file start23.json (JSON, C-alpha atoms)
[["chain", "number", "residue", "atom", "x", "y", "z"],
["A", 15, "MET", "CA", -79.22, -103.35, -74.55],
["A", 16, "SER", "CA", -75.71, -103.86, -75.85],
["A", 17, "SER", "CA", -74.06, -101.12, -77.85],
["A", 18, "SER", "CA", -70.62, -99.99, -78.84],
["A", 19, "ARG", "CA", -69.17, -97.00, -77.10],
["A", 20, "LYS", "CA", -68.94, -93.85, -79.19],
["A", 21, "PHE", "CA", -66.79, -91.85, -76.76],
["A", 22, "LYS", "CA", -63.20, -92.31, -75.76],
["A", 23, "PRO", "CA", -62.53, -93.47, -72.19],
["A", 24, "ALA", "CA", -62.55, -90.60, -69.71],
["A", 25, "PHE", "CA", -59.34, -91.64, -67.91],
["A", 26, "ASN", "CA", -57.00, -88.72, -67.39],
["A", 27, "ILE", "CA", -53.70, -88.79, -65.53],
["A", 28, "LYS", "CA", -54.29, -85.24, -64.22],
["A", 29, "VAL", "CA", -56.76, -86.56, -61.63],
["A", 30, "PHE", "CA", -53.79, -87.96, -59.68],
["A", 31, "ILE", "CA", -52.05, -84.58, -59.27],
["A", 32, "PRO", "CA", -53.96, -83.60, -56.07],
["A", 33, "LEU", "CA", -53.21, -87.03, -54.59],
["A", 34, "VAL", "CA", -49.49, -86.63, -55.25],
["A", 35, "VAL", "CA", -49.50, -83.09, -53.83],
["A", 36, "ILE", "CA", -51.25, -84.25, -50.64],
["A", 37, "LEU", "CA", -48.86, -87.18, -50.20],
["A", 38, "VAL", "CA", -45.84, -84.91, -50.70],
["A", 39, "ALA", "CA", -47.25, -82.41, -48.20],
["A", 40, "PHE", "CA", -47.86, -85.25, -45.71],
["A", 41, "ALA", "CA", -44.32, -86.57, -46.18],
["A", 42, "PHE", "CA", -42.81, -83.08, -45.88],
["A", 43, "ALA", "CA", -44.77, -82.25, -42.70],
["A", 44, "THR", "CA", -43.93, -85.62, -41.16],
["A", 45, "ALA", "CA", -40.23, -85.45, -42.05],
["A", 46, "TYR", "CA", -39.58, -81.86, -40.96],
["A", 47, "PHE", "CA", -41.93, -81.69, -38.01],
["A", 48, "LYS", "CA", -43.65, -84.68, -36.42],
["A", 49, "ILE", "CA", -46.24, -87.24, -37.37],
["A", 50, "ALA", "CA", -48.81, -84.97, -35.73],
["A", 51, "ALA", "CA", -48.18, -82.30, -38.38],
["A", 52, "GLY", "CA", -48.52, -84.88, -41.16],
["A", 53, "LEU", "CA", -51.81, -86.10, -39.73],
["A", 54, "PHE", "CA", -53.03, -82.52, -39.51],
["A", 55, "VAL", "CA", -52.25, -82.09, -43.22],
["A", 56, "MET", "CA", -54.44, -85.13, -43.86],
["A", 57, "VAL", "CA", -57.26, -83.62, -41.75],
["A", 58, "ILE", "CA", -57.14, -80.46, -43.84],
["A", 59, "ALA", "CA", -57.00, -82.40, -47.14],
["A", 60, "PHE", "CA", -59.85, -84.77, -46.33],
["A", 61, "GLY", "CA", -61.90, -81.95, -44.78],
["A", 62, "GLY", "CA", -61.48, -79.79, -47.88],
["A", 63, "TYR", "CA", -62.48, -82.59, -50.20],
["A", 64, "ALA", "CA", -65.44, -83.43, -47.96],
["A", 65, "LEU", "CA", -66.63, -79.84, -48.28],
["A", 66, "PHE", "CA", -66.27, -80.02, -52.07],
["A", 67, "SER", "CA", -68.16, -83.33, -52.18],
["A", 68, "ILE", "CA", -71.12, -82.12, -50.11],
["A", 69, "LEU", "CA", -71.42, -79.00, -52.25],
["A", 70, "ALA", "CA", -71.34, -81.15, -55.39],
["A", 71, "TYR", "CA", -73.98, -83.44, -53.90],
["A", 72, "LEU", "CA", -76.26, -80.50, -53.06],
["A", 73, "ARG", "CA", -75.99, -79.27, -56.66],
["A", 74, "THR", "CA", -76.38, -82.59, -58.45],
["A", 75, "ARG", "CA", -78.07, -84.98, -55.99],
["A", 76, "ASN", "CA", -75.69, -87.68, -57.22],
["A", 77, "ILE", "CA", -75.36, -90.35, -54.51],
["A", 78, "ALA", "CA", -71.69, -90.94, -55.32],
["A", 79, "TYR", "CA", -70.84, -87.43, -54.11],
["A", 80, "PHE", "CA", -72.68, -88.09, -50.86],
["A", 81, "ALA", "CA", -70.81, -91.37, -50.36],
["A", 82, "ALA", "CA", -67.53, -89.58, -51.07],
["A", 83, "PHE", "CA", -68.50, -86.91, -48.52],
["A", 84, "LEU", "CA", -69.15, -89.59, -45.89],
["A", 85, "PHE", "CA", -65.84, -91.34, -46.62],
["A", 86, "GLN", "CA", -63.85, -88.12, -46.52],
["A", 87, "SER", "CA", -65.58, -86.95, -43.35],
["A", 88, "PHE", "CA", -64.90, -90.24, -41.57],
["A", 89, "MET", "CA", -61.27, -90.17, -42.63],
["A", 90, "ALA", "CA", -60.84, -86.54, -41.54],
["A", 91, "THR", "CA", -62.41, -87.39, -38.19],
["A", 92, "TYR", "CA", -60.18, -90.46, -37.90],
["A", 93, "PHE", "CA", -57.02, -88.39, -38.48],
["A", 94, "LEU", "CA", -58.32, -85.83, -36.01],
["A", 95, "THR", "CA", -59.01, -88.36, -33.24],
["A", 96, "VAL", "CA", -55.99, -90.64, -33.63],
["A", 97, "PRO", "CA", -53.90, -90.43, -30.42],
["A", 98, "LEU", "CA", -50.71, -89.44, -32.30],
["A", 99, "GLY", "CA", -52.39, -86.46, -33.94],
["A", 100, "MET", "CA", -51.97, -82.75, -33.37],
["A", 101, "LEU", "CA", -55.37, -82.57, -31.71],
["A", 102, "PRO", "CA", -55.72, -85.92, -29.90],
["A", 103, "ILE", "CA", -59.32, -85.30, -28.87],
["A", 104, "GLY", "CA", -60.30, -88.95, -29.00],
["A", 105, "THR", "CA", -59.24, -92.33, -27.81],
["A", 106, "LYS", "CA", -57.86, -95.23, -29.80],
["A", 107, "THR", "CA", -61.30, -96.85, -29.72],
["A", 108, "GLN", "CA", -63.00, -93.77, -31.14],
["A", 109, "ALA", "CA", -60.39, -93.43, -33.87],
["A", 110, "GLY", "CA", -60.84, -97.11, -34.73],
["A", 111, "PHE", "CA", -64.61, -96.60, -34.97],
["A", 112, "PHE", "CA", -64.21, -93.75, -37.47],
["A", 113, "TYR", "CA", -61.68, -95.80, -39.44],
["A", 114, "PHE", "CA", -64.08, -98.76, -39.57],
["A", 115, "CYS", "CA", -66.96, -96.51, -40.71],
["A", 116, "GLY", "CA", -64.70, -95.02, -43.39],
["A", 117, "LEU", "CA", -63.75, -98.52, -44.51],
["A", 118, "ILE", "CA", -67.43, -99.53, -44.85],
["A", 119, "VAL", "CA", -68.24, -96.41, -46.87],
["A", 120, "GLY", "CA", -65.09, -97.01, -48.95],
["A", 121, "VAL", "CA", -66.39, -100.48, -49.85],
["A", 122, "TRP", "CA", -69.70, -98.86, -50.82],
["A", 123, "LEU", "CA", -67.83, -96.41, -53.07],
["A", 124, "VAL", "CA", -65.92, -99.23, -54.77],
["A", 125, "TYR", "CA", -69.21, -101.10, -55.30],
["A", 126, "MET", "CA", -70.81, -98.01, -56.89],
["A", 127, "MET", "CA", -67.78, -97.50, -59.10],
["A", 128, "ALA", "CA", -67.75, -101.15, -60.22],
["A", 129, "THR", "CA", -71.48, -101.27, -60.99],
["A", 130, "GLY", "CA", -71.79, -97.76, -62.41],
["A", 131, "LYS", "CA", -74.53, -96.83, -59.90],
["A", 132, "GLY", "CA", -72.90, -93.56, -58.94],
["A", 133, "LYS", "CA", -71.81, -92.60, -62.44],
["A", 134, "TRP", "CA", -72.89, -89.24, -63.72],
["A", 135, "LYS", "CA", -75.60, -89.92, -66.29],
["A", 136, "GLY", "CA", -74.84, -87.08, -68.70],
["A", 137, "LYS", "CA", -72.35, -89.11, -70.70],
["A", 138, "ASN", "CA", -74.85, -91.97, -71.01],
["A", 139, "VAL", "CA", -77.43, -89.62, -72.52],
["A", 140, "PHE", "CA", -74.92, -88.45, -75.13],
["A", 141, "GLU", "CA", -73.96, -92.04, -75.94],
["A", 142, "LEU", "CA", -77.62, -92.99, -76.44],
["A", 143, "ALA", "CA", -78.12, -89.99, -78.70],
["A", 144, "ALA", "CA", -75.02, -90.92, -80.70],
["A", 145, "LEU", "CA", -76.19, -94.48, -81.40],
["A", 146, "GLN", "CA", -78.01, -93.42, -84.56],
["A", 147, "VAL", "CA", -75.06, -91.41, -85.88],
["A", 148, "ASN", "CA", -73.04, -93.25, -88.50],
["A", 149, "LYS", "CA", -69.37, -92.60, -89.00],
["A", 150, "MET", "CA", -68.56, -90.84, -92.28],
["A", 151, "VAL", "CA", -65.25, -90.14, -93.89],
["A", 152, "ASN", "CA", -64.95, -86.58, -95.20],
["A", 153, "GLY", "CA", -68.55, -85.81, -94.27],
["A", 154, "TYR", "CA", -68.08, -82.06, -94.61],
["A", 155, "THR", "CA", -67.90, -80.37, -97.96],
["A", 156, "ASP", "CA", -65.24, -77.86, -98.78],
["A", 157, "ARG", "CA", -67.38, -76.12, -101.42],
["A", 158, "PRO", "CA", -67.93, -72.44, -100.77],
["A", 159, "ARG", "CA", -71.47, -71.30, -100.09],
["A", 160, "PRO", "CA", -71.60, -67.92, -101.83],
["A", 161, "ALA", "CA", -74.19, -65.35, -100.86],
["A", 162, "GLY", "CA", -73.68, -63.39, -104.04],
["A", 163, "LYS", "CA", -70.97, -61.30, -105.58],
["A", 164, "LEU", "CA", -70.49, -57.66, -104.70],
["A", 165, "ASP", "CA", -68.38, -55.27, -106.70],
["A", 166, "TYR", "CA", -66.70, -52.60, -104.60],
["A", 167, "THR", "CA", -63.25, -51.24, -104.08],
["A", 168, "LYS", "CA", -61.31, -50.88, -100.89],
["A", 169, "SER", "CA", -61.64, -47.08, -100.93],
["A", 170, "GLU", "CA", -65.43, -47.34, -101.39],
["A", 171, "LEU", "CA", -65.65, -49.66, -98.38],
["A", 172, "PHE", "CA", -63.57, -47.31, -96.19],
["A", 173, "GLY", "CA", -65.63, -44.34, -97.41],
["A", 174, "PHE", "CA", -68.86, -46.11, -96.42],
["A", 175, "ALA", "CA", -67.41, -46.94, -92.98],
["A", 176, "GLU", "CA", -66.45, -43.28, -92.49],
["A", 177, "PHE", "CA", -69.94, -42.16, -93.55],
["A", 178, "ILE", "CA", -71.58, -44.50, -91.01],
["A", 179, "ARG", "CA", -69.22, -43.36, -88.27],
["A", 180, "LYS", "CA", -70.18, -39.69, -88.79],
["A", 181, "LYS", "CA", -73.90, -40.36, -88.39],
["A", 182, "PRO", "CA", -75.18, -38.83, -85.10],
["A", 183, "ASP", "CA", -77.33, -41.85, -84.16],
["A", 184, "CYS", "CA", -74.47, -44.30, -84.73],
["A", 185, "ASP", "CA", -72.85, -43.78, -81.30],
["A", 186, "THR", "CA", -74.11, -47.00, -79.75],
["A", 187, "ILE", "CA", -73.75, -49.19, -82.84],
["A", 188, "CYS", "CA", -70.44, -47.99, -84.21]]

call {"tool": "encode", "arguments": {"input": "start23.json", "output": "structure tokens"}}
result
Amino acid sequence: MSSSRKFKPAFNIKVFIPLVVILVAFAFATAYFKIAAGLFVMVIAFGGYALFSILAYLRTRNIAYFAAFLFQSFMATYFLTVPLGMLPIGTKTQAGFFYFCGLIVGVWLVYMMATGKGKWKGKNVFELAALQVNKMVNGYTDRPRPAGKLDYTKSELFGFAEFIRKKPDCDTIC
């Protein structure tokens, strides 16, 4: 089924702000301390995003969030086990294994992005619903829709409001 898209593309430059902040934090920690501090910043960043991704997966059951969780977890573990890191708890072989696993999951993520398999389906539902909607120019009318005409003065309106306010059973409404 081929159809024209009704929505604008969802690309937004704001999605790159966290990436820039993380890279600046990595560069700052590496420049003013050591590479170990920069790698620890990366552990915290990837670990935080992995936590966000698993929570999003548990709420939506979208496989793309689970794949992102795996990628971020493997990268956080890689930065944790690299021998230059702040907590060198692994060997170069173990770090290489986590990097390779992260690379495989990263290829899976790129495949899902390219084929649309991991795309959130809500936008597709709205696009399908919008197929039958035809574009109109000036589709809304500017005619007033009167409910009737009432003749009262400003003092009568304020007098009525004061009368309602003085009623004993008007405490909760007024």

call {"tool": "closest_residue", "arguments": {"input": "start23.json", "among": "A:Thr44, A:Thr167, A:Gln146, A:Asn26", "to": "Leu98 in chain A", "atoms": "only C-alpha atoms"}}
result
A:Thr44

call {"tool": "closest_residue", "arguments": {"input": "start23.json", "among": "A:Leu84, A:Met89, A:Ala39, A:Ala175", "to": "Tyr113 in chain A", "atoms": "only C-alpha atoms"}}
result
A:Met89

call {"tool": "atom_distance", "arguments": {"input": "start23.json", "atom1": "CA of Phe83 in chain A", "atom2": "CA of Ile68 in chain A"}}
result
5.7 Å

call {"tool": "atom_distance", "arguments": {"input": "start23.json", "atom1": "CA of Phe60 in chain A", "atom2": "CA of Gln86 in chain A"}}
result
5.2 Å

call {"tool": "residues_around", "arguments": {"input": "start23.json", "residues": "Cys115 in chain A", "least_positions_apart": "5", "cutoff": "12 Å", "atoms": "all atoms listed in the file", "output": "ChimeraX atom specification"}}
result
/A:81,84-92,108-110,120-122

call {"tool": "closest_residue", "arguments": {"input": "start23.json", "among": "A:Gly62, A:Met126, A:Ser67, A:Phe174", "to": "Phe80 in chain A", "atoms": "all atoms listed in the file"}}
result
A:Ser67

call {"tool": "atom_distance", "arguments": {"input": "start23.json", "atom1": "CA of Leu69 in chain A", "atom2": "CA of Ala82 in chain A"}}
result
11.3 Å

call {"tool": "residues_near_point", "arguments": {"input": "start23.json", "point": "(-52.6, -83.2, -44.4)", "cutoff": "9 Å", "atoms": "only C-alpha atoms", "output": "compact mmCIF listing (two decimals) with C-alpha atoms, keeping the file's coordinate frame"}}
result
# COMPACT_ATOMS: atom_id res chain seq x y z
CA ILE A 36 -51.25 -84.25 -50.64
CA LEU A 37 -48.86 -87.18 -50.20
CA ALA A 39 -47.25 -82.41 -48.20
CA PHE A 40 -47.86 -85.25 -45.71
CA ALA A 43 -44.77 -82.25 -42.70
CA ALA A 51 -48.18 -82.30 -38.38
CA GLY A 52 -48.52 -84.88 -41.16
CA LEU A 53 -51.81 -86.10 -39.73
CA PHE A 54 -53.03 -82.52 -39.51
CA VAL A 55 -52.25 -82.09 -43.22
CA MET A 56 -54.44 -85.13 -43.86
CA VAL A 57 -57.26 -83.62 -41.75
CA ILE A 58 -57.14 -80.46 -43.84
CA ALA A 59 -57.00 -82.40 -47.14
CA PHE A 60 -59.85 -84.77 -46.33

call {"tool": "closest_residue", "arguments": {"input": "start23.json", "among": "A:Val38, A:Pro32, A:Lys106, A:Tyr46", "to": "Tyr63 in chain A", "atoms": "only C-alpha atoms"}}
result
A:Pro32

call {"tool": "closest_residue", "arguments": {"input": "start23.json", "among": "A:Ile77, A:Val139, A:Val29, A:Leu171", "to": "Met127 in chain A", "atoms": "only C-alpha atoms"}}
result
A:Ile77

call {"tool": "build_atoms", "arguments": {"input": "start23.json", "residues": "range 164-175 of chain A", "atoms": "all heavy atoms", "output": "tab-separated table (two decimals), in the coordinates of the input"}}
result
chain	number	residue	atom	x	y	z
A	164	LEU	N	-70.39	-59.11	-104.82
A	164	LEU	CA	-70.49	-57.66	-104.70
A	164	LEU	C	-69.26	-57.04	-105.34
A	164	LEU	O	-68.14	-57.51	-105.14
A	164	LEU	CB	-70.59	-57.25	-103.23
A	164	LEU	CG	-71.79	-57.80	-102.47
A	164	LEU	CD1	-71.70	-57.40	-101.01
A	164	LEU	CD2	-73.08	-57.27	-103.08
A	165	ASP	N	-69.49	-55.98	-106.07
A	165	ASP	CA	-68.38	-55.27	-106.70
A	165	ASP	C	-68.17	-53.95	-105.99
A	165	ASP	O	-69.03	-53.05	-106.03
A	165	ASP	CB	-68.68	-54.99	-108.19
A	165	ASP	CG	-68.73	-56.28	-108.99
A	165	ASP	OD1	-67.93	-57.18	-108.69
A	165	ASP	OD2	-69.58	-56.38	-109.90
A	166	TYR	N	-67.07	-53.84	-105.28
A	166	TYR	CA	-66.70	-52.60	-104.60
A	166	TYR	C	-65.20	-52.60	-104.45
A	166	TYR	O	-64.54	-53.63	-104.48
A	166	TYR	CB	-67.38	-52.46	-103.23
A	166	TYR	CG	-67.12	-53.62	-102.31
A	166	TYR	CD1	-65.99	-53.66	-101.50
A	166	TYR	CD2	-68.02	-54.70	-102.24
A	166	TYR	CE1	-65.75	-54.72	-100.67
A	166	TYR	CE2	-67.78	-55.76	-101.41
A	166	TYR	CZ	-66.64	-55.77	-100.61
A	166	TYR	OH	-66.39	-56.83	-99.79
A	167	THR	N	-64.69	-51.37	-104.27
A	167	THR	CA	-63.25	-51.24	-104.08
A	167	THR	C	-62.96	-51.00	-102.60
A	167	THR	O	-63.87	-50.72	-101.80
A	167	THR	CB	-62.70	-50.06	-104.90
A	167	THR	OG1	-63.28	-48.86	-104.41
A	167	THR	CG2	-63.00	-50.24	-106.39
A	168	LYS	N	-61.71	-51.07	-102.27
A	168	LYS	CA	-61.31	-50.88	-100.89
A	168	LYS	C	-61.61	-49.45	-100.44
A	168	LYS	O	-62.06	-49.21	-99.32
A	168	LYS	CB	-59.82	-51.18	-100.77
A	168	LYS	CG	-59.29	-51.23	-99.37
A	168	LYS	CD	-57.82	-51.66	-99.40
A	168	LYS	CE	-57.30	-51.83	-98.01
A	168	LYS	NZ	-55.89	-52.24	-98.00
A	169	SER	N	-61.39	-48.48	-101.31
A	169	SER	CA	-61.64	-47.08	-100.93
A	169	SER	C	-63.14	-46.83	-100.76
A	169	SER	O	-63.55	-46.05	-99.89
A	169	SER	CB	-61.05	-46.14	-101.98
A	169	SER	OG	-61.67	-46.35	-103.22
A	170	GLU	N	-63.98	-47.49	-101.57
A	170	GLU	CA	-65.43	-47.34	-101.39
A	170	GLU	C	-65.89	-47.92	-100.05
A	170	GLU	O	-66.73	-47.34	-99.36
A	170	GLU	CB	-66.18	-48.05	-102.53
A	170	GLU	CG	-66.07	-47.35	-103.86
A	170	GLU	CD	-66.70	-48.15	-104.98
A	170	GLU	OE1	-66.81	-49.39	-104.85
A	170	GLU	OE2	-67.08	-47.52	-105.99
A	171	LEU	N	-65.30	-49.05	-99.66
A	171	LEU	CA	-65.65	-49.66	-98.38
A	171	LEU	C	-65.23	-48.78	-97.21
A	171	LEU	O	-66.00	-48.57	-96.27
A	171	LEU	CB	-64.99	-51.04	-98.28
A	171	LEU	CG	-65.36	-51.88	-97.06
A	171	LEU	CD1	-66.85	-52.18	-97.06
A	171	LEU	CD2	-64.58	-53.17	-97.05
A	172	PHE	N	-64.02	-48.20	-97.26
A	172	PHE	CA	-63.57	-47.31	-96.19
A	172	PHE	C	-64.39	-46.02	-96.18
A	172	PHE	O	-64.69	-45.47	-95.12
A	172	PHE	CB	-62.09	-46.98	-96.34
A	172	PHE	CG	-61.19	-48.08	-95.86
A	172	PHE	CD1	-60.17	-48.56	-96.68
A	172	PHE	CD2	-61.35	-48.65	-94.60
A	172	PHE	CE1	-59.33	-49.57	-96.26
A	172	PHE	CE2	-60.52	-49.65	-94.17
A	172	PHE	CZ	-59.51	-50.13	-95.00
A	173	GLY	N	-64.78	-45.53	-97.34
A	173	GLY	CA	-65.63	-44.34	-97.41
A	173	GLY	C	-66.99	-44.60	-96.78
A	173	GLY	O	-67.53	-43.75	-96.06
A	174	PHE	N	-67.57	-45.77	-97.02
A	174	PHE	CA	-68.86	-46.11	-96.42
A	174	PHE	C	-68.73	-46.22	-94.90
A	174	PHE	O	-69.59	-45.75	-94.16
A	174	PHE	CB	-69.38	-47.42	-97.01
A	174	PHE	CG	-70.66	-47.88	-96.40
A	174	PHE	CD1	-71.84	-47.19	-96.67
A	174	PHE	CD2	-70.71	-48.97	-95.55
A	174	PHE	CE1	-73.03	-47.60	-96.10
A	174	PHE	CE2	-71.89	-49.38	-94.99
A	174	PHE	CZ	-73.06	-48.70	-95.26
A	175	ALA	N	-67.63	-46.83	-94.42
A	175	ALA	CA	-67.41	-46.94	-92.98
A	175	ALA	C	-67.28	-45.56	-92.35
A	175	ALA	O	-67.81	-45.30	-91.27
A	175	ALA	CB	-66.17	-47.79	-92.70
